[in-house]
Amino acid sequence: MKKALSIFELAKPPDYATIFGDIYEWYGKNKNSALKVEVACPDETQETKQISISLDGLLACIMEEMNNVLKSYSKCETCPVEVAPGIVADALRFLVAAKAIHELAASDNSPQGEVAGDQPRVWPPEKLLYLLDFAIATYIVPQLDVLASYVQVEGHEGQAAQTLMEVATKLRVWGLRASAELVEKLSQGFNVP
C-alpha cells in the first residue's frame, strides 16, 4: 500500500484520473482529508453515528486479503499473481475523484457554493460500498484475468479456479457483490472486461 500511495501522490494532471480540472484543484485544497470519508452508520440501538473511514486503509485491507489468497496459487510462469500497487493507486484515484465530485456538487447546491460550517460531507454506507465495489470491479478484478486461462487448462476443479473462488468469497464477505461475481466468472474460465 505504501507503493500505491506514493504512486497516487506523484500523479499530476492530466494523469490524476481527472475528467475536470476542478477535481485536481479540489484535491490540492483538500489533500489532508481527501482519503478520509465520513460515513453515517446505525449502531445496535438504531442510532446513527458518524465514523471516519480511511479509503487507503480500507482498500489496503481488502488488497492484503486478496493478495494473500492469490499468493497460494503456484502453477503459473509469473507467480505469484498479485494486485500491483499501480492498479491500487488507480482505484484510489477513482475513489478520491468520486469524493471530489460529491463534495463539489454539494457545494454547488449550497448557498453561495459554501460548505455549511465547513463540515465534512457524510456518506451513507451503501454509497461508499457501491463506489468501493465499482473501483475494485473496474480496476482490480481485470488484473486477475490471467488466471482464467489457467482455469481453462486445469478445469473448474483445479487450483486456479479454487484460488479465484476463495478471492470471490473474501470479496463477498466485504459486501463487494459485483466484484465477487466477476471473480466467479473468472473461476469458470471466462474473461472479464
# chains A, B, ... in the order shown; residues from 1 in each chain; ligands from 1
call {"tool": "residues_around", "arguments": {"residues": "Leu182 of chain A", "least_positions_apart": "2", "cutoff": "10 Å", "atoms": "only C-alpha atoms", "output": "ChimeraX atom specification"}}
result
/A:137-138,141-142,144-145,164,168,177-180,184-187,190-193
call {"tool": "write_last_selection", "arguments": {"atoms": "C-alpha atoms", "output": "CSV table (one decimal), in the first residue's frame"}}
result
chain,number,residue,atom,x,y,z
A,137,ALA,CA,-14.5,-4.4,-10.2
A,138,THR,CA,-13.2,-1.9,-12.7
A,141,VAL,CA,-10.5,-7.6,-11.0
A,142,PRO,CA,-9.4,-7.4,-14.6
A,144,LEU,CA,-6.8,-11.4,-12.3
A,145,ASP,CA,-7.9,-12.2,-15.8
A,164,LEU,CA,-10.4,-17.4,-7.6
A,168,ALA,CA,-14.6,-14.2,-4.6
A,177,ARG,CA,-21.1,-8.3,-4.8
A,178,ALA,CA,-20.3,-7.0,-8.3
A,179,SER,CA,-16.5,-7.7,-7.8
A,180,ALA,CA,-17.2,-11.1,-6.4
A,184,GLU,CA,-16.6,-16.1,-10.0
A,185,LYS,CA,-16.8,-15.7,-13.8
A,186,LEU,CA,-13.0,-15.9,-13.9
A,187,SER,CA,-13.1,-19.0,-11.8
A,190,PHE,CA,-14.4,-16.7,-18.6
A,191,ASN,CA,-12.6,-13.5,-19.3
A,192,VAL,CA,-13.9,-10.2,-17.9
A,193,PRO,CA,-13.7,-6.8,-19.4
call {"tool": "residues_around", "arguments": {"residues": "segment 66-69 of chain A", "least_positions_apart": "2", "cutoff": "6 Å", "atoms": "only C-alpha atoms", "output": "number ranges by chain"}}
result
A: 63-64, 71-72, 82, 167
call {"tool": "write_last_selection", "arguments": {"atoms": "N, CA and C atoms", "output": "CSV table (one decimal), in the first residue's frame"}}
result
chain,number,residue,atom,x,y,z
A,63,MET,N,-7.0,-5.5,-0.3
A,63,MET,CA,-6.0,-5.9,-1.2
A,63,MET,C,-5.1,-6.9,-0.5
A,64,GLU,N,-4.8,-6.7,0.8
A,64,GLU,CA,-4.0,-7.7,1.5
A,64,GLU,C,-4.6,-9.0,1.6
A,71,LYS,N,-1.4,-15.5,-3.6
A,71,LYS,CA,0.0,-16.0,-3.4
A,71,LYS,C,0.0,-17.5,-3.3
A,72,SER,N,-1.2,-18.1,-2.9
A,72,SER,CA,-1.2,-19.5,-2.7
A,72,SER,C,-1.3,-20.2,-4.1
A,82,GLU,N,-0.5,-11.2,-8.2
A,82,GLU,CA,-0.9,-10.3,-7.2
A,82,GLU,C,-1.4,-9.0,-7.8
A,167,VAL,N,-11.0,-15.9,-3.5
A,167,VAL,CA,-10.9,-14.5,-3.6
A,167,VAL,C,-12.4,-13.9,-3.7
call {"tool": "closest_residue", "arguments": {"among": "A:Ala98, A:Val81, A:Ala148, A:Ile87", "to": "Tyr130 of chain A", "atoms": "only C-alpha atoms"}}
result
A:Ala98
call {"tool": "closest_atom_pairs", "arguments": {"of": "segment 65-150 of chain A", "to": "segment 54-59 of chain A", "cutoff": "12 Å", "atoms": "only C-alpha atoms", "output": "tab-separated table"}}
result
residue	atom	partner	partner_atom	distance
A:Glu65	CA	A:Leu59	CA	10.0
A:Met66	CA	A:Leu59	CA	10.5
A:Asn67	CA	A:Leu59	CA	12.0
A:Val83	CA	A:Leu59	CA	11.6
A:Pro85	CA	A:Leu59	CA	11.2
A:Ile87	CA	A:Leu59	CA	11.4
A:Val88	CA	A:Leu59	CA	7.8
A:Ala89	CA	A:Asp56	CA	9.1
A:Asp90	CA	A:Leu59	CA	11.4
A:Ala91	CA	A:Leu59	CA	8.6
A:Leu92	CA	A:Asp56	CA	6.9
A:Arg93	CA	A:Asp56	CA	10.1
A:Phe94	CA	A:Leu55	CA	10.9
A:Leu95	CA	A:Leu55	CA	7.7
A:Val96	CA	A:Leu55	CA	8.3
A:Ala97	CA	A:Leu55	CA	11.9
A:Ala98	CA	A:Leu55	CA	11.6
A:Lys99	CA	A:Leu55	CA	10.3
A:Leu128	CA	A:Leu55	CA	9.5
A:Leu129	CA	A:Leu58	CA	10.8
A:Leu131	CA	A:Leu55	CA	10.9
A:Leu132	CA	A:Leu59	CA	8.1
A:Asp133	CA	A:Leu59	CA	10.4
A:Ala135	CA	A:Leu59	CA	9.8
A:Ile136	CA	A:Leu59	CA	8.9
A:Ile140	CA	A:Leu59	CA	10.9
call {"tool": "write_last_selection", "arguments": {"atoms": "N, CA and C atoms", "output": "PDB file, in the first residue's frame"}}
result
ATOM      1  N   GLU A  65      -5.920  -9.061   1.855  1.00  0.00           N
ATOM      2  CA  GLU A  65      -6.627 -10.344   1.878  1.00  0.00           C
ATOM      3  C   GLU A  65      -6.592 -11.013   0.508  1.00  0.00           C
ATOM      4  N   MET A  66      -6.846 -10.223  -0.550  1.00  0.00           N
ATOM      5  CA  MET A  66      -6.825 -10.792  -1.903  1.00  0.00           C
ATOM      6  C   MET A  66      -5.438 -11.321  -2.249  1.00  0.00           C
ATOM      7  N   ASN A  67      -4.414 -10.519  -2.007  1.00  0.00           N
ATOM      8  CA  ASN A  67      -3.054 -10.940  -2.360  1.00  0.00           C
ATOM      9  C   ASN A  67      -2.599 -12.161  -1.565  1.00  0.00           C
ATOM     10  N   VAL A  83      -2.123  -8.229  -6.992  1.00  0.00           N
ATOM     11  CA  VAL A  83      -2.601  -6.927  -7.419  1.00  0.00           C
ATOM     12  C   VAL A  83      -1.460  -5.939  -7.184  1.00  0.00           C
ATOM     13  N   PRO A  85       0.754  -2.353  -7.030  1.00  0.00           N
ATOM     14  CA  PRO A  85       0.493  -1.043  -6.420  1.00  0.00           C
ATOM     15  C   PRO A  85      -0.063   0.004  -7.387  1.00  0.00           C
ATOM     16  N   ILE A  87      -2.098  -0.380  -9.842  1.00  0.00           N
ATOM     17  CA  ILE A  87      -3.528  -0.633 -10.030  1.00  0.00           C
ATOM     18  C   ILE A  87      -4.306  -0.184  -8.796  1.00  0.00           C
ATOM     19  N   VAL A  88      -3.768  -0.444  -7.620  1.00  0.00           N
ATOM     20  CA  VAL A  88      -4.411   0.005  -6.380  1.00  0.00           C
ATOM     21  C   VAL A  88      -4.463   1.536  -6.367  1.00  0.00           C
ATOM     22  N   ALA A  89      -3.405   2.191  -6.835  1.00  0.00           N
ATOM     23  CA  ALA A  89      -3.389   3.658  -6.902  1.00  0.00           C
ATOM     24  C   ALA A  89      -4.477   4.159  -7.842  1.00  0.00           C
ATOM     25  N   ASP A  90      -4.691   3.459  -8.957  1.00  0.00           N
ATOM     26  CA  ASP A  90      -5.760   3.854  -9.882  1.00  0.00           C
ATOM     27  C   ASP A  90      -7.128   3.751  -9.216  1.00  0.00           C
ATOM     28  N   ALA A  91      -7.359   2.678  -8.471  1.00  0.00           N
ATOM     29  CA  ALA A  91      -8.631   2.510  -7.757  1.00  0.00           C
ATOM     30  C   ALA A  91      -8.797   3.614  -6.715  1.00  0.00           C
ATOM     31  N   LEU A  92      -7.709   3.952  -6.036  1.00  0.00           N
ATOM     32  CA  LEU A  92      -7.739   5.009  -5.039  1.00  0.00           C
ATOM     33  C   LEU A  92      -8.034   6.358  -5.688  1.00  0.00           C
ATOM     34  N   ARG A  93      -7.437   6.613  -6.847  1.00  0.00           N
ATOM     35  CA  ARG A  93      -7.728   7.852  -7.582  1.00  0.00           C
ATOM     36  C   ARG A  93      -9.208   7.945  -7.924  1.00  0.00           C
ATOM     37  N   PHE A  94      -9.773   6.822  -8.363  1.00  0.00           N
ATOM     38  CA  PHE A  94     -11.199   6.809  -8.685  1.00  0.00           C
ATOM     39  C   PHE A  94     -12.020   7.195  -7.453  1.00  0.00           C
ATOM     40  N   LEU A  95     -11.708   6.598  -6.298  1.00  0.00           N
ATOM     41  CA  LEU A  95     -12.463   6.874  -5.083  1.00  0.00           C
ATOM     42  C   LEU A  95     -12.334   8.336  -4.657  1.00  0.00           C
ATOM     43  N   VAL A  96     -11.133   8.887  -4.766  1.00  0.00           N
ATOM     44  CA  VAL A  96     -10.924  10.287  -4.402  1.00  0.00           C
ATOM     45  C   VAL A  96     -11.646  11.201  -5.392  1.00  0.00           C
ATOM     46  N   ALA A  97     -11.619  10.856  -6.678  1.00  0.00           N
ATOM     47  CA  ALA A  97     -12.336  11.656  -7.681  1.00  0.00           C
ATOM     48  C   ALA A  97     -13.837  11.609  -7.407  1.00  0.00           C
ATOM     49  N   ALA A  98     -14.362  10.446  -7.010  1.00  0.00           N
ATOM     50  CA  ALA A  98     -15.786  10.331  -6.673  1.00  0.00           C
ATOM     51  C   ALA A  98     -16.113  11.207  -5.465  1.00  0.00           C
ATOM     52  N   LYS A  99     -15.236  11.206  -4.473  1.00  0.00           N
ATOM     53  CA  LYS A  99     -15.448  12.057  -3.296  1.00  0.00           C
ATOM     54  C   LYS A  99     -15.421  13.526  -3.700  1.00  0.00           C
ATOM     55  N   LEU A 128     -20.704   4.407  -0.184  1.00  0.00           N
ATOM     56  CA  LEU A 128     -19.290   4.062  -0.092  1.00  0.00           C
ATOM     57  C   LEU A 128     -19.069   2.630  -0.579  1.00  0.00           C
ATOM     58  N   LEU A 129     -19.928   1.713  -0.169  1.00  0.00           N
ATOM     59  CA  LEU A 129     -19.797   0.317  -0.582  1.00  0.00           C
ATOM     60  C   LEU A 129     -19.931   0.182  -2.100  1.00  0.00           C
ATOM     61  N   LEU A 131     -19.307   2.490  -4.436  1.00  0.00           N
ATOM     62  CA  LEU A 131     -18.124   3.060  -5.099  1.00  0.00           C
ATOM     63  C   LEU A 131     -16.898   2.176  -4.911  1.00  0.00           C
ATOM     64  N   LEU A 132     -16.737   1.611  -3.731  1.00  0.00           N
ATOM     65  CA  LEU A 132     -15.622   0.702  -3.470  1.00  0.00           C
ATOM     66  C   LEU A 132     -15.748  -0.542  -4.361  1.00  0.00           C
ATOM     67  N   ASP A 133     -16.945  -1.079  -4.459  1.00  0.00           N
ATOM     68  CA  ASP A 133     -17.191  -2.245  -5.301  1.00  0.00           C
ATOM     69  C   ASP A 133     -16.903  -1.908  -6.764  1.00  0.00           C
ATOM     70  N   ALA A 135     -14.901   0.439  -7.933  1.00  0.00           N
ATOM     71  CA  ALA A 135     -13.452   0.648  -8.109  1.00  0.00           C
ATOM     72  C   ALA A 135     -12.718  -0.687  -8.215  1.00  0.00           C
ATOM     73  N   ILE A 136     -13.064  -1.637  -7.376  1.00  0.00           N
ATOM     74  CA  ILE A 136     -12.393  -2.941  -7.402  1.00  0.00           C
ATOM     75  C   ILE A 136     -12.782  -3.721  -8.656  1.00  0.00           C
ATOM     76  N   ILE A 140      -9.286  -3.532 -10.419  1.00  0.00           N
ATOM     77  CA  ILE A 140      -8.500  -4.609  -9.824  1.00  0.00           C
ATOM     78  C   ILE A 140      -8.852  -5.989 -10.382  1.00  0.00           C
TER      79      ILE A 140
END
call {"tool": "select_by_dssp", "arguments": {"residues": "segment 45-185 of chain A", "states": "strand (DSSP E)", "output": "list in words"}}
result
Thr48, Lys49, Gln50, Ile51, Ser52, Ile53, Ser54, Val122 and Trp123 of chain A
call {"tool": "write_last_selection", "arguments": {"atoms": "C-alpha atoms", "output": "PDB file, in the first residue's frame"}}
result
ATOM      1  CA  THR A  48     -26.865   6.796  13.577  1.00  0.00           C
ATOM      2  CA  LYS A  49     -23.265   7.544  14.378  1.00  0.00           C
ATOM      3  CA  GLN A  50     -20.755   9.224  12.169  1.00  0.00           C
ATOM      4  CA  ILE A  51     -17.449   7.431  11.711  1.00  0.00           C
ATOM      5  CA  SER A  52     -14.381   8.381   9.739  1.00  0.00           C
ATOM      6  CA  ILE A  53     -13.080   5.768   7.303  1.00  0.00           C
ATOM      7  CA  SER A  54      -9.693   5.880   5.633  1.00  0.00           C
ATOM      8  CA  VAL A 122     -21.428  12.425   5.449  1.00  0.00           C
ATOM      9  CA  TRP A 123     -21.886   9.469   3.102  1.00  0.00           C
TER      10      TRP A 123
END
call {"tool": "closest_residue", "arguments": {"among": "A:Glu38, A:Ile23, A:Val183, A:Glu103", "to": "Gln143 of chain A", "atoms": "only C-alpha atoms"}}
result
A:Val183
call {"tool": "select_by_dssp", "arguments": {"residues": "chain A", "states": "alpha helix (DSSP H)", "output": "ChimeraX atom specification"}}
result
/A:2-10,21-29,55-70,85-109,125-135,146-154,159-173,177-187
call {"tool": "closest_residue", "arguments": {"among": "A:Val173, A:Glu126, A:Gly86, A:Tyr139", "to": "Lys2 of chain A", "atoms": "only C-alpha atoms"}}
result
A:Gly86
